[in-house]
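Shown below: data_1.cif, with mmCIF, N, CA and C atoms.
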data_model
loop_
_atom_site.label_atom_id
_atom_site.label_comp_id
_atom_site.auth_asym_id
_atom_site.auth_seq_id
_atom_site.Cartn_x
_atom_site.Cartn_y
_atom_site.Cartn_z
N MET A 1 -5.86 -21.19 71.92
CA MET A 1 -5.70 -22.01 70.74
C MET A 1 -4.22 -22.08 70.37
N GLU A 2 -3.79 -23.28 70.01
CA GLU A 2 -2.41 -23.51 69.63
C GLU A 2 -2.08 -22.81 68.30
N LYS A 3 -0.93 -22.16 68.25
CA LYS A 3 -0.52 -21.47 67.04
C LYS A 3 0.06 -22.49 66.06
N ARG A 4 -0.36 -22.40 64.79
CA ARG A 4 0.06 -23.36 63.78
C ARG A 4 0.64 -22.62 62.58
N GLN A 5 1.39 -23.35 61.75
CA GLN A 5 1.91 -22.74 60.54
C GLN A 5 1.99 -23.77 59.42
N VAL A 6 1.97 -23.27 58.19
CA VAL A 6 2.08 -24.12 57.01
C VAL A 6 3.56 -24.45 56.80
N ARG A 7 3.85 -25.72 56.65
CA ARG A 7 5.21 -26.17 56.35
C ARG A 7 5.17 -26.90 55.01
N ASN A 8 6.33 -27.02 54.36
CA ASN A 8 6.34 -27.69 53.07
C ASN A 8 7.61 -28.51 52.87
N ASN A 9 7.54 -29.37 51.87
CA ASN A 9 8.66 -30.23 51.48
C ASN A 9 9.18 -29.87 50.10
N ILE A 10 8.99 -28.64 49.67
CA ILE A 10 9.30 -28.25 48.30
C ILE A 10 10.78 -28.46 47.97
N ARG A 11 11.66 -28.02 48.82
CA ARG A 11 13.09 -28.16 48.52
C ARG A 11 13.47 -29.63 48.33
N LYS A 12 13.05 -30.48 49.25
CA LYS A 12 13.33 -31.91 49.17
C LYS A 12 12.73 -32.51 47.90
N LEU A 13 11.51 -32.12 47.58
CA LEU A 13 10.85 -32.66 46.40
C LEU A 13 11.51 -32.21 45.10
N ARG A 14 12.03 -30.99 45.07
CA ARG A 14 12.75 -30.52 43.88
C ARG A 14 13.95 -31.43 43.60
N PHE A 15 14.69 -31.76 44.65
CA PHE A 15 15.88 -32.58 44.48
C PHE A 15 15.53 -34.02 44.14
N GLN A 16 14.38 -34.50 44.59
CA GLN A 16 13.93 -35.84 44.24
C GLN A 16 13.40 -35.90 42.80
N ASN A 17 13.16 -34.75 42.21
CA ASN A 17 12.67 -34.67 40.83
C ASN A 17 13.77 -34.15 39.92
N ASN A 18 14.81 -34.96 39.76
CA ASN A 18 15.93 -34.64 38.87
C ASN A 18 16.61 -33.32 39.21
N GLU A 19 16.69 -33.02 40.50
CA GLU A 19 17.32 -31.79 40.97
C GLU A 19 16.78 -30.55 40.25
N MET A 20 15.45 -30.48 40.19
CA MET A 20 14.76 -29.36 39.57
C MET A 20 15.20 -28.05 40.23
N THR A 21 15.48 -27.05 39.42
CA THR A 21 15.88 -25.76 39.98
C THR A 21 14.65 -24.98 40.45
N GLN A 22 14.91 -23.98 41.28
CA GLN A 22 13.82 -23.11 41.72
C GLN A 22 13.19 -22.42 40.52
N GLU A 23 14.00 -22.03 39.55
CA GLU A 23 13.51 -21.37 38.35
C GLU A 23 12.61 -22.30 37.53
N GLN A 24 13.01 -23.56 37.38
CA GLN A 24 12.20 -24.52 36.63
C GLN A 24 10.84 -24.74 37.30
N LEU A 25 10.85 -24.88 38.61
CA LEU A 25 9.59 -25.06 39.34
C LEU A 25 8.73 -23.82 39.23
N ALA A 26 9.34 -22.66 39.36
CA ALA A 26 8.59 -21.40 39.26
C ALA A 26 7.90 -21.29 37.90
N GLU A 27 8.61 -21.61 36.84
CA GLU A 27 8.02 -21.56 35.49
C GLU A 27 6.88 -22.56 35.36
N LYS A 28 7.06 -23.73 35.92
CA LYS A 28 6.06 -24.80 35.83
C LYS A 28 4.74 -24.42 36.50
N VAL A 29 4.83 -23.66 37.61
CA VAL A 29 3.61 -23.31 38.35
C VAL A 29 3.17 -21.86 38.16
N GLY A 30 3.93 -21.09 37.38
CA GLY A 30 3.52 -19.73 37.04
C GLY A 30 3.77 -18.67 38.10
N VAL A 31 4.89 -18.79 38.80
CA VAL A 31 5.26 -17.77 39.79
C VAL A 31 6.73 -17.39 39.54
N THR A 32 7.24 -16.46 40.35
CA THR A 32 8.65 -16.07 40.22
C THR A 32 9.53 -16.99 41.07
N ARG A 33 10.80 -16.98 40.74
CA ARG A 33 11.77 -17.74 41.54
C ARG A 33 11.79 -17.24 42.98
N GLN A 34 11.59 -15.94 43.16
CA GLN A 34 11.57 -15.36 44.51
C GLN A 34 10.43 -15.94 45.34
N THR A 35 9.31 -16.24 44.70
CA THR A 35 8.18 -16.86 45.42
C THR A 35 8.57 -18.25 45.91
N ILE A 36 9.24 -19.01 45.06
CA ILE A 36 9.69 -20.35 45.46
C ILE A 36 10.69 -20.25 46.61
N ILE A 37 11.60 -19.29 46.54
CA ILE A 37 12.57 -19.08 47.63
C ILE A 37 11.84 -18.78 48.93
N ALA A 38 10.84 -17.89 48.88
CA ALA A 38 10.08 -17.53 50.08
C ALA A 38 9.31 -18.72 50.62
N LEU A 39 8.73 -19.53 49.75
CA LEU A 39 8.01 -20.73 50.18
C LEU A 39 8.94 -21.70 50.89
N GLU A 40 10.07 -21.99 50.25
CA GLU A 40 11.02 -22.94 50.83
C GLU A 40 11.56 -22.45 52.17
N GLY A 41 11.70 -21.16 52.32
CA GLY A 41 12.22 -20.59 53.57
C GLY A 41 11.16 -20.42 54.65
N GLY A 42 9.92 -20.78 54.34
CA GLY A 42 8.85 -20.65 55.33
C GLY A 42 8.42 -19.23 55.59
N LYS A 43 8.76 -18.32 54.67
CA LYS A 43 8.40 -16.91 54.84
C LYS A 43 7.08 -16.56 54.18
N TYR A 44 6.49 -17.52 53.49
CA TYR A 44 5.28 -17.26 52.71
C TYR A 44 4.44 -18.52 52.68
N ALA A 45 3.16 -18.38 52.97
CA ALA A 45 2.22 -19.49 52.83
C ALA A 45 1.46 -19.28 51.52
N PRO A 46 1.42 -20.30 50.67
CA PRO A 46 0.82 -20.12 49.36
C PRO A 46 -0.70 -20.02 49.41
N SER A 47 -1.25 -19.45 48.34
CA SER A 47 -2.70 -19.48 48.18
C SER A 47 -3.10 -20.94 47.96
N LEU A 48 -4.35 -21.24 48.11
CA LEU A 48 -4.83 -22.60 47.90
C LEU A 48 -4.57 -23.03 46.46
N GLU A 49 -4.80 -22.12 45.52
CA GLU A 49 -4.57 -22.43 44.11
C GLU A 49 -3.10 -22.76 43.85
N LEU A 50 -2.19 -21.97 44.38
CA LEU A 50 -0.76 -22.23 44.19
C LEU A 50 -0.36 -23.54 44.85
N ALA A 51 -0.90 -23.83 46.00
CA ALA A 51 -0.60 -25.09 46.68
C ALA A 51 -1.00 -26.27 45.80
N PHE A 52 -2.17 -26.19 45.17
CA PHE A 52 -2.61 -27.26 44.28
C PHE A 52 -1.72 -27.35 43.04
N ARG A 53 -1.32 -26.20 42.48
CA ARG A 53 -0.44 -26.22 41.30
C ARG A 53 0.91 -26.86 41.65
N LEU A 54 1.43 -26.58 42.84
CA LEU A 54 2.68 -27.18 43.27
C LEU A 54 2.53 -28.69 43.45
N SER A 55 1.45 -29.12 44.05
CA SER A 55 1.26 -30.57 44.24
C SER A 55 1.12 -31.27 42.89
N LEU A 56 0.44 -30.64 41.94
CA LEU A 56 0.33 -31.21 40.59
C LEU A 56 1.68 -31.26 39.89
N ALA A 57 2.50 -30.25 40.09
CA ALA A 57 3.83 -30.21 39.47
C ALA A 57 4.70 -31.39 39.93
N PHE A 58 4.52 -31.80 41.17
CA PHE A 58 5.27 -32.92 41.71
C PHE A 58 4.53 -34.26 41.53
N GLY A 59 3.26 -34.19 41.11
CA GLY A 59 2.48 -35.41 40.94
C GLY A 59 2.17 -36.10 42.25
N LEU A 60 1.99 -35.28 43.29
CA LEU A 60 1.74 -35.81 44.64
C LEU A 60 0.48 -35.18 45.24
N PRO A 61 -0.13 -35.87 46.21
CA PRO A 61 -1.23 -35.26 46.93
C PRO A 61 -0.76 -34.04 47.71
N LEU A 62 -1.65 -33.11 47.92
CA LEU A 62 -1.35 -31.88 48.64
C LEU A 62 -0.69 -32.15 49.99
N THR A 63 -1.15 -33.19 50.67
CA THR A 63 -0.63 -33.49 52.02
C THR A 63 0.80 -34.02 52.01
N GLU A 64 1.33 -34.39 50.85
CA GLU A 64 2.73 -34.81 50.78
C GLU A 64 3.65 -33.64 50.46
N VAL A 65 3.07 -32.52 50.05
CA VAL A 65 3.84 -31.32 49.77
C VAL A 65 3.75 -30.35 50.94
N PHE A 66 2.56 -30.23 51.54
CA PHE A 66 2.33 -29.28 52.62
C PHE A 66 1.78 -29.95 53.86
N SER A 67 2.05 -29.35 55.00
CA SER A 67 1.45 -29.79 56.26
C SER A 67 1.12 -28.55 57.08
N TYR A 68 0.22 -28.73 58.03
CA TYR A 68 -0.20 -27.64 58.91
C TYR A 68 0.11 -28.08 60.33
N GLU A 69 1.23 -27.60 60.84
CA GLU A 69 1.77 -28.11 62.10
C GLU A 69 1.83 -27.05 63.19
N ALA A 70 1.92 -27.54 64.41
CA ALA A 70 2.09 -26.64 65.55
C ALA A 70 3.41 -25.89 65.37
N GLU A 71 3.37 -24.61 65.66
CA GLU A 71 4.57 -23.79 65.56
C GLU A 71 5.53 -24.18 66.67
N GLU A 72 6.81 -24.29 66.32
CA GLU A 72 7.83 -24.63 67.31
C GLU A 72 8.01 -23.45 68.26
N LYS A 73 8.08 -23.76 69.56
CA LYS A 73 8.28 -22.71 70.57
C LYS A 73 9.77 -22.52 70.78
N SER A 74 10.19 -21.28 70.75
CA SER A 74 11.60 -21.00 71.04
C SER A 74 11.77 -20.78 72.54
N THR A 75 12.85 -21.28 73.09
CA THR A 75 13.06 -21.16 74.53
C THR A 75 14.09 -20.13 74.86
#

Show me the file's structure as structure tokens.
Amino acid sequence: MEKRQVRNNIRKLRFQNNEMTQEQLAEKVGVTRQTIIALEGGKYAPSLELAFRLSLAFGLPLTEVFSYEAEEKST
């Protein structure tokens, strides 16, 4: 089975939303700034509930914030 991982557009979406800071987004969805940093860096996959809260914060469907893609192979 192909290995997959959750990817997101959070950083890009923050800047498209009046250059929202990580702290502002964290407060909006009820997590710490460190959680947002980890999400943007691909070090953390959110719970389903957090994923929905993030999509609501941006006013976008879940699929425009997150994707589930094949993991890139390093050579």

*Taking the chain letters and numbering used in this document, name the residues of chain A that DSSP puts in helix (DSSP H, G or I), as a count of residues only.*
38

_Residues of stretch 4-55 of chain A classed as strand (DSSP E) by DSSP on the backbone are to be reported as a list in words._
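Selection result, strand (DSSP E) within stretch 4-55 of chain A: Arg4, Gln5, Val6, Arg7 and Asn8 of chain A.
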
*Among listed residues A:Val65, A:Leu50, A:Val29, A:Ala57, nearest A:Asn8 (using all atoms listed in the file)*: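 Of all the options, A:Val65 lies closest to A:Asn8.
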
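Across A:Ile36, A:Ala51, A:Ala26, A:Val31, the tightest approach to A:Phe66 is made by A:Ala51 when counting all atoms listed in the file.
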
*asked:* Using Å and a single decimal, report how far atom CA of A:Gly41 sits from atom CA of A:Lys3.
replied: 18.6 Å

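In this model, the gap between atom N of A:Lys28 and atom CA of A:Ser67 comes to 22.0 Å.
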
Run through the PyMOL selection byres ((chain A and resi 4) around 7) on the given coordinates and return the selected residues as a PDB file with N, CA and C atoms, keeping the file's coordinate frame.
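Wrote result.pdb, looks like this:
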ATOM      1  N   MET A   1      -5.860 -21.190  71.920  1.00  0.00           N
ATOM      2  CA  MET A   1      -5.700 -22.010  70.740  1.00  0.00           C
ATOM      3  C   MET A   1      -4.220 -22.080  70.370  1.00  0.00           C
ATOM      4  N   GLU A   2      -3.790 -23.280  70.010  1.00  0.00           N
ATOM      5  CA  GLU A   2      -2.410 -23.510  69.630  1.00  0.00           C
ATOM      6  C   GLU A   2      -2.080 -22.810  68.300  1.00  0.00           C
ATOM      7  N   LYS A   3      -0.930 -22.160  68.250  1.00  0.00           N
ATOM      8  CA  LYS A   3      -0.520 -21.470  67.040  1.00  0.00           C
ATOM      9  C   LYS A   3       0.060 -22.490  66.060  1.00  0.00           C
ATOM     10  N   GLN A   5       1.390 -23.350  61.750  1.00  0.00           N
ATOM     11  CA  GLN A   5       1.910 -22.740  60.540  1.00  0.00           C
ATOM     12  C   GLN A   5       1.990 -23.770  59.420  1.00  0.00           C
ATOM     13  N   VAL A   6       1.970 -23.270  58.190  1.00  0.00           N
ATOM     14  CA  VAL A   6       2.080 -24.120  57.010  1.00  0.00           C
ATOM     15  C   VAL A   6       3.560 -24.450  56.800  1.00  0.00           C
ATOM     16  N   TYR A  68       0.220 -28.730  58.030  1.00  0.00           N
ATOM     17  CA  TYR A  68      -0.200 -27.640  58.910  1.00  0.00           C
ATOM     18  C   TYR A  68       0.110 -28.080  60.330  1.00  0.00           C
ATOM     19  N   GLU A  69       1.230 -27.600  60.840  1.00  0.00           N
ATOM     20  CA  GLU A  69       1.770 -28.110  62.100  1.00  0.00           C
ATOM     21  C   GLU A  69       1.830 -27.050  63.190  1.00  0.00           C
ATOM     22  N   ALA A  70       1.920 -27.540  64.410  1.00  0.00           N
ATOM     23  CA  ALA A  70       2.090 -26.640  65.550  1.00  0.00           C
ATOM     24  C   ALA A  70       3.410 -25.890  65.370  1.00  0.00           C
ATOM     25  N   GLU A  71       3.370 -24.610  65.660  1.00  0.00           N
ATOM     26  CA  GLU A  71       4.570 -23.790  65.560  1.00  0.00           C
ATOM     27  C   GLU A  71       5.530 -24.180  66.670  1.00  0.00           C
TER      28      GLU A  71
END

Would you list the contacts of stretch 19-23 of chain A as a PDB file with N, CA and C atoms, in the frame of the given file, taking every protein, DNA or RNA residue within 7 Å and counting only N, CA and C atoms, but skipping same-chain residues closer than 4 positions in sequence?
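Wrote out_11.pdb, looks like this:
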ATOM      1  N   LEU A  13      11.510 -32.120  47.580  1.00  0.00           N
ATOM      2  CA  LEU A  13      10.850 -32.660  46.400  1.00  0.00           C
ATOM      3  C   LEU A  13      11.510 -32.210  45.100  1.00  0.00           C
ATOM      4  N   ARG A  14      12.030 -30.990  45.070  1.00  0.00           N
ATOM      5  CA  ARG A  14      12.750 -30.520  43.880  1.00  0.00           C
ATOM      6  C   ARG A  14      13.950 -31.430  43.600  1.00  0.00           C
ATOM      7  N   PHE A  15      14.690 -31.760  44.650  1.00  0.00           N
ATOM      8  CA  PHE A  15      15.880 -32.580  44.480  1.00  0.00           C
ATOM      9  C   PHE A  15      15.530 -34.020  44.140  1.00  0.00           C
ATOM     10  N   GLU A  27       8.610 -21.610  36.840  1.00  0.00           N
ATOM     11  CA  GLU A  27       8.020 -21.560  35.490  1.00  0.00           C
ATOM     12  C   GLU A  27       6.880 -22.560  35.360  1.00  0.00           C
ATOM     13  N   LYS A  28       7.060 -23.730  35.920  1.00  0.00           N
ATOM     14  CA  LYS A  28       6.060 -24.800  35.830  1.00  0.00           C
ATOM     15  C   LYS A  28       4.740 -24.420  36.500  1.00  0.00           C
ATOM     16  N   THR A  32       7.240 -16.460  40.350  1.00  0.00           N
ATOM     17  CA  THR A  32       8.650 -16.070  40.220  1.00  0.00           C
ATOM     18  C   THR A  32       9.530 -16.990  41.070  1.00  0.00           C
ATOM     19  N   ARG A  33      10.800 -16.980  40.740  1.00  0.00           N
ATOM     20  CA  ARG A  33      11.770 -17.740  41.540  1.00  0.00           C
ATOM     21  C   ARG A  33      11.790 -17.240  42.980  1.00  0.00           C
ATOM     22  N   ILE A  36       9.240 -19.010  45.060  1.00  0.00           N
ATOM     23  CA  ILE A  36       9.690 -20.350  45.460  1.00  0.00           C
ATOM     24  C   ILE A  36      10.690 -20.250  46.610  1.00  0.00           C
ATOM     25  N   ILE A  37      11.600 -19.290  46.540  1.00  0.00           N
ATOM     26  CA  ILE A  37      12.570 -19.080  47.630  1.00  0.00           C
ATOM     27  C   ILE A  37      11.840 -18.780  48.930  1.00  0.00           C
TER      28      ILE A  37
END

_Using only C-alpha atoms: which of A:Leu54, A:Glu49, A:Arg7, A:Gly42 has the shortest distance to A:Gln24_ =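 Looking at the shortest contact to A:Gln24, the residue is A:Leu54.
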
*Excluding same-chain residues fewer than 4 positions from A:Leu39, what lies within 9 Å of it counting only C-alpha atoms, as a list of chain:residue names?*
A:Arg7, A:Asn8, A:Ile10, A:Gln34, A:Thr35, A:Lys43, A:Tyr44, A:Ala45, A:Pro46

_Please compute the atom CA of A:Glu40-atom CA of A:Leu60 distance, one decimal, in Å._
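Atom-to-atom, atom CA of A:Glu40 to atom CA of A:Leu60, that is 17.0 Å.
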
Please reconstruct the missing atoms of stretch 10-21 of chain A (target: all heavy atoms) and return them as a PDB file, in the frame of the given file.
ATOM      1  N   ILE A  10       8.990 -28.640  49.670  1.00  0.00           N
ATOM      2  CA  ILE A  10       9.300 -28.250  48.300  1.00  0.00           C
ATOM      3  C   ILE A  10      10.780 -28.460  47.970  1.00  0.00           C
ATOM      4  O   ILE A  10      11.095 -29.044  46.922  1.00  0.00           O
ATOM      5  CB  ILE A  10       8.877 -26.786  48.039  1.00  0.00           C
ATOM      6  CG1 ILE A  10       7.355 -26.683  48.123  1.00  0.00           C
ATOM      7  CG2 ILE A  10       9.373 -26.320  46.673  1.00  0.00           C
ATOM      8  CD1 ILE A  10       6.827 -25.267  48.088  1.00  0.00           C
ATOM      9  N   ARG A  11      11.660 -28.020  48.820  1.00  0.00           N
ATOM     10  CA  ARG A  11      13.090 -28.160  48.520  1.00  0.00           C
ATOM     11  C   ARG A  11      13.470 -29.630  48.330  1.00  0.00           C
ATOM     12  O   ARG A  11      14.132 -30.001  47.357  1.00  0.00           O
ATOM     13  CB  ARG A  11      13.936 -27.531  49.634  1.00  0.00           C
ATOM     14  CG  ARG A  11      15.405 -27.460  49.312  1.00  0.00           C
ATOM     15  CD  ARG A  11      16.175 -26.715  50.417  1.00  0.00           C
ATOM     16  NE  ARG A  11      17.471 -26.253  50.042  1.00  0.00           N
ATOM     17  CZ  ARG A  11      18.505 -27.010  49.718  1.00  0.00           C
ATOM     18  NH1 ARG A  11      18.385 -28.307  49.671  1.00  0.00           N
ATOM     19  NH2 ARG A  11      19.668 -26.488  49.403  1.00  0.00           N
ATOM     20  N   LYS A  12      13.050 -30.480  49.250  1.00  0.00           N
ATOM     21  CA  LYS A  12      13.330 -31.910  49.170  1.00  0.00           C
ATOM     22  C   LYS A  12      12.730 -32.510  47.900  1.00  0.00           C
ATOM     23  O   LYS A  12      13.394 -33.282  47.189  1.00  0.00           O
ATOM     24  CB  LYS A  12      12.778 -32.625  50.409  1.00  0.00           C
ATOM     25  CG  LYS A  12      12.992 -34.124  50.406  1.00  0.00           C
ATOM     26  CD  LYS A  12      12.467 -34.766  51.671  1.00  0.00           C
ATOM     27  CE  LYS A  12      10.967 -34.917  51.543  1.00  0.00           C
ATOM     28  NZ  LYS A  12      10.358 -35.699  52.611  1.00  0.00           N
ATOM     29  N   LEU A  13      11.510 -32.120  47.580  1.00  0.00           N
ATOM     30  CA  LEU A  13      10.850 -32.660  46.400  1.00  0.00           C
ATOM     31  C   LEU A  13      11.510 -32.210  45.100  1.00  0.00           C
ATOM     32  O   LEU A  13      11.573 -32.976  44.128  1.00  0.00           O
ATOM     33  CB  LEU A  13       9.367 -32.271  46.399  1.00  0.00           C
ATOM     34  CG  LEU A  13       8.539 -32.926  47.503  1.00  0.00           C
ATOM     35  CD1 LEU A  13       7.167 -32.283  47.599  1.00  0.00           C
ATOM     36  CD2 LEU A  13       8.416 -34.422  47.262  1.00  0.00           C
ATOM     37  N   ARG A  14      12.030 -30.990  45.070  1.00  0.00           N
ATOM     38  CA  ARG A  14      12.750 -30.520  43.880  1.00  0.00           C
ATOM     39  C   ARG A  14      13.950 -31.430  43.600  1.00  0.00           C
ATOM     40  O   ARG A  14      14.199 -31.835  42.473  1.00  0.00           O
ATOM     41  CB  ARG A  14      13.242 -29.081  44.043  1.00  0.00           C
ATOM     42  CG  ARG A  14      12.225 -28.040  43.834  1.00  0.00           C
ATOM     43  CD  ARG A  14      12.817 -26.640  43.690  1.00  0.00           C
ATOM     44  NE  ARG A  14      13.695 -26.200  44.768  1.00  0.00           N
ATOM     45  CZ  ARG A  14      15.028 -26.132  44.684  1.00  0.00           C
ATOM     46  NH1 ARG A  14      15.662 -26.457  43.579  1.00  0.00           N
ATOM     47  NH2 ARG A  14      15.741 -25.711  45.723  1.00  0.00           N
ATOM     48  N   PHE A  15      14.690 -31.760  44.650  1.00  0.00           N
ATOM     49  CA  PHE A  15      15.880 -32.580  44.480  1.00  0.00           C
ATOM     50  C   PHE A  15      15.530 -34.020  44.140  1.00  0.00           C
ATOM     51  O   PHE A  15      16.276 -34.688  43.423  1.00  0.00           O
ATOM     52  CB  PHE A  15      16.788 -32.491  45.705  1.00  0.00           C
ATOM     53  CG  PHE A  15      17.535 -31.199  45.736  1.00  0.00           C
ATOM     54  CD1 PHE A  15      17.057 -30.118  46.462  1.00  0.00           C
ATOM     55  CD2 PHE A  15      18.691 -31.030  44.989  1.00  0.00           C
ATOM     56  CE1 PHE A  15      17.722 -28.901  46.453  1.00  0.00           C
ATOM     57  CE2 PHE A  15      19.368 -29.814  44.975  1.00  0.00           C
ATOM     58  CZ  PHE A  15      18.884 -28.745  45.705  1.00  0.00           C
ATOM     59  N   GLN A  16      14.380 -34.500  44.590  1.00  0.00           N
ATOM     60  CA  GLN A  16      13.930 -35.840  44.240  1.00  0.00           C
ATOM     61  C   GLN A  16      13.400 -35.900  42.800  1.00  0.00           C
ATOM     62  O   GLN A  16      13.208 -36.982  42.270  1.00  0.00           O
ATOM     63  CB  GLN A  16      12.838 -36.312  45.209  1.00  0.00           C
ATOM     64  CG  GLN A  16      13.344 -36.586  46.592  1.00  0.00           C
ATOM     65  CD  GLN A  16      12.234 -36.933  47.565  1.00  0.00           C
ATOM     66  OE1 GLN A  16      11.049 -36.869  47.244  1.00  0.00           O
ATOM     67  NE2 GLN A  16      12.615 -37.294  48.778  1.00  0.00           N
ATOM     68  N   ASN A  17      13.160 -34.750  42.210  1.00  0.00           N
ATOM     69  CA  ASN A  17      12.670 -34.670  40.830  1.00  0.00           C
ATOM     70  C   ASN A  17      13.770 -34.150  39.920  1.00  0.00           C
ATOM     71  O   ASN A  17      13.716 -33.023  39.407  1.00  0.00           O
ATOM     72  CB  ASN A  17      11.434 -33.756  40.760  1.00  0.00           C
ATOM     73  CG  ASN A  17      10.199 -34.444  41.253  1.00  0.00           C
ATOM     74  OD1 ASN A  17       9.492 -35.074  40.488  1.00  0.00           O
ATOM     75  ND2 ASN A  17       9.950 -34.348  42.553  1.00  0.00           N
ATOM     76  N   ASN A  18      14.810 -34.960  39.760  1.00  0.00           N
ATOM     77  CA  ASN A  18      15.930 -34.640  38.870  1.00  0.00           C
ATOM     78  C   ASN A  18      16.610 -33.320  39.210  1.00  0.00           C
ATOM     79  O   ASN A  18      17.007 -32.574  38.320  1.00  0.00           O
ATOM     80  CB  ASN A  18      15.473 -34.637  37.408  1.00  0.00           C
ATOM     81  CG  ASN A  18      14.964 -35.987  36.969  1.00  0.00           C
ATOM     82  OD1 ASN A  18      15.561 -37.006  37.293  1.00  0.00           O
ATOM     83  ND2 ASN A  18      13.858 -36.006  36.253  1.00  0.00           N
ATOM     84  N   GLU A  19      16.690 -33.020  40.500  1.00  0.00           N
ATOM     85  CA  GLU A  19      17.320 -31.790  40.970  1.00  0.00           C
ATOM     86  C   GLU A  19      16.780 -30.550  40.250  1.00  0.00           C
ATOM     87  O   GLU A  19      17.514 -29.697  39.768  1.00  0.00           O
ATOM     88  CB  GLU A  19      18.841 -31.889  40.860  1.00  0.00           C
ATOM     89  CG  GLU A  19      19.388 -32.985  41.755  1.00  0.00           C
ATOM     90  CD  GLU A  19      20.903 -33.024  41.823  1.00  0.00           C
ATOM     91  OE1 GLU A  19      21.566 -32.083  41.362  1.00  0.00           O
ATOM     92  OE2 GLU A  19      21.415 -34.014  42.365  1.00  0.00           O
ATOM     93  N   MET A  20      15.450 -30.480  40.190  1.00  0.00           N
ATOM     94  CA  MET A  20      14.760 -29.360  39.570  1.00  0.00           C
ATOM     95  C   MET A  20      15.200 -28.050  40.230  1.00  0.00           C
ATOM     96  O   MET A  20      15.302 -27.974  41.452  1.00  0.00           O
ATOM     97  CB  MET A  20      13.242 -29.539  39.751  1.00  0.00           C
ATOM     98  CG  MET A  20      12.390 -28.476  39.118  1.00  0.00           C
ATOM     99  SD  MET A  20      10.630 -28.627  39.564  1.00  0.00           S
ATOM    100  CE  MET A  20      10.230 -30.270  39.024  1.00  0.00           C
ATOM    101  N   THR A  21      15.480 -27.050  39.420  1.00  0.00           N
ATOM    102  CA  THR A  21      15.880 -25.760  39.980  1.00  0.00           C
ATOM    103  C   THR A  21      14.650 -24.980  40.450  1.00  0.00           C
ATOM    104  O   THR A  21      13.524 -25.276  40.057  1.00  0.00           O
ATOM    105  CB  THR A  21      16.635 -24.902  38.947  1.00  0.00           C
ATOM    106  OG1 THR A  21      15.722 -24.553  37.899  1.00  0.00           O
ATOM    107  CG2 THR A  21      17.844 -25.635  38.391  1.00  0.00           C
TER     108      THR A  21
END
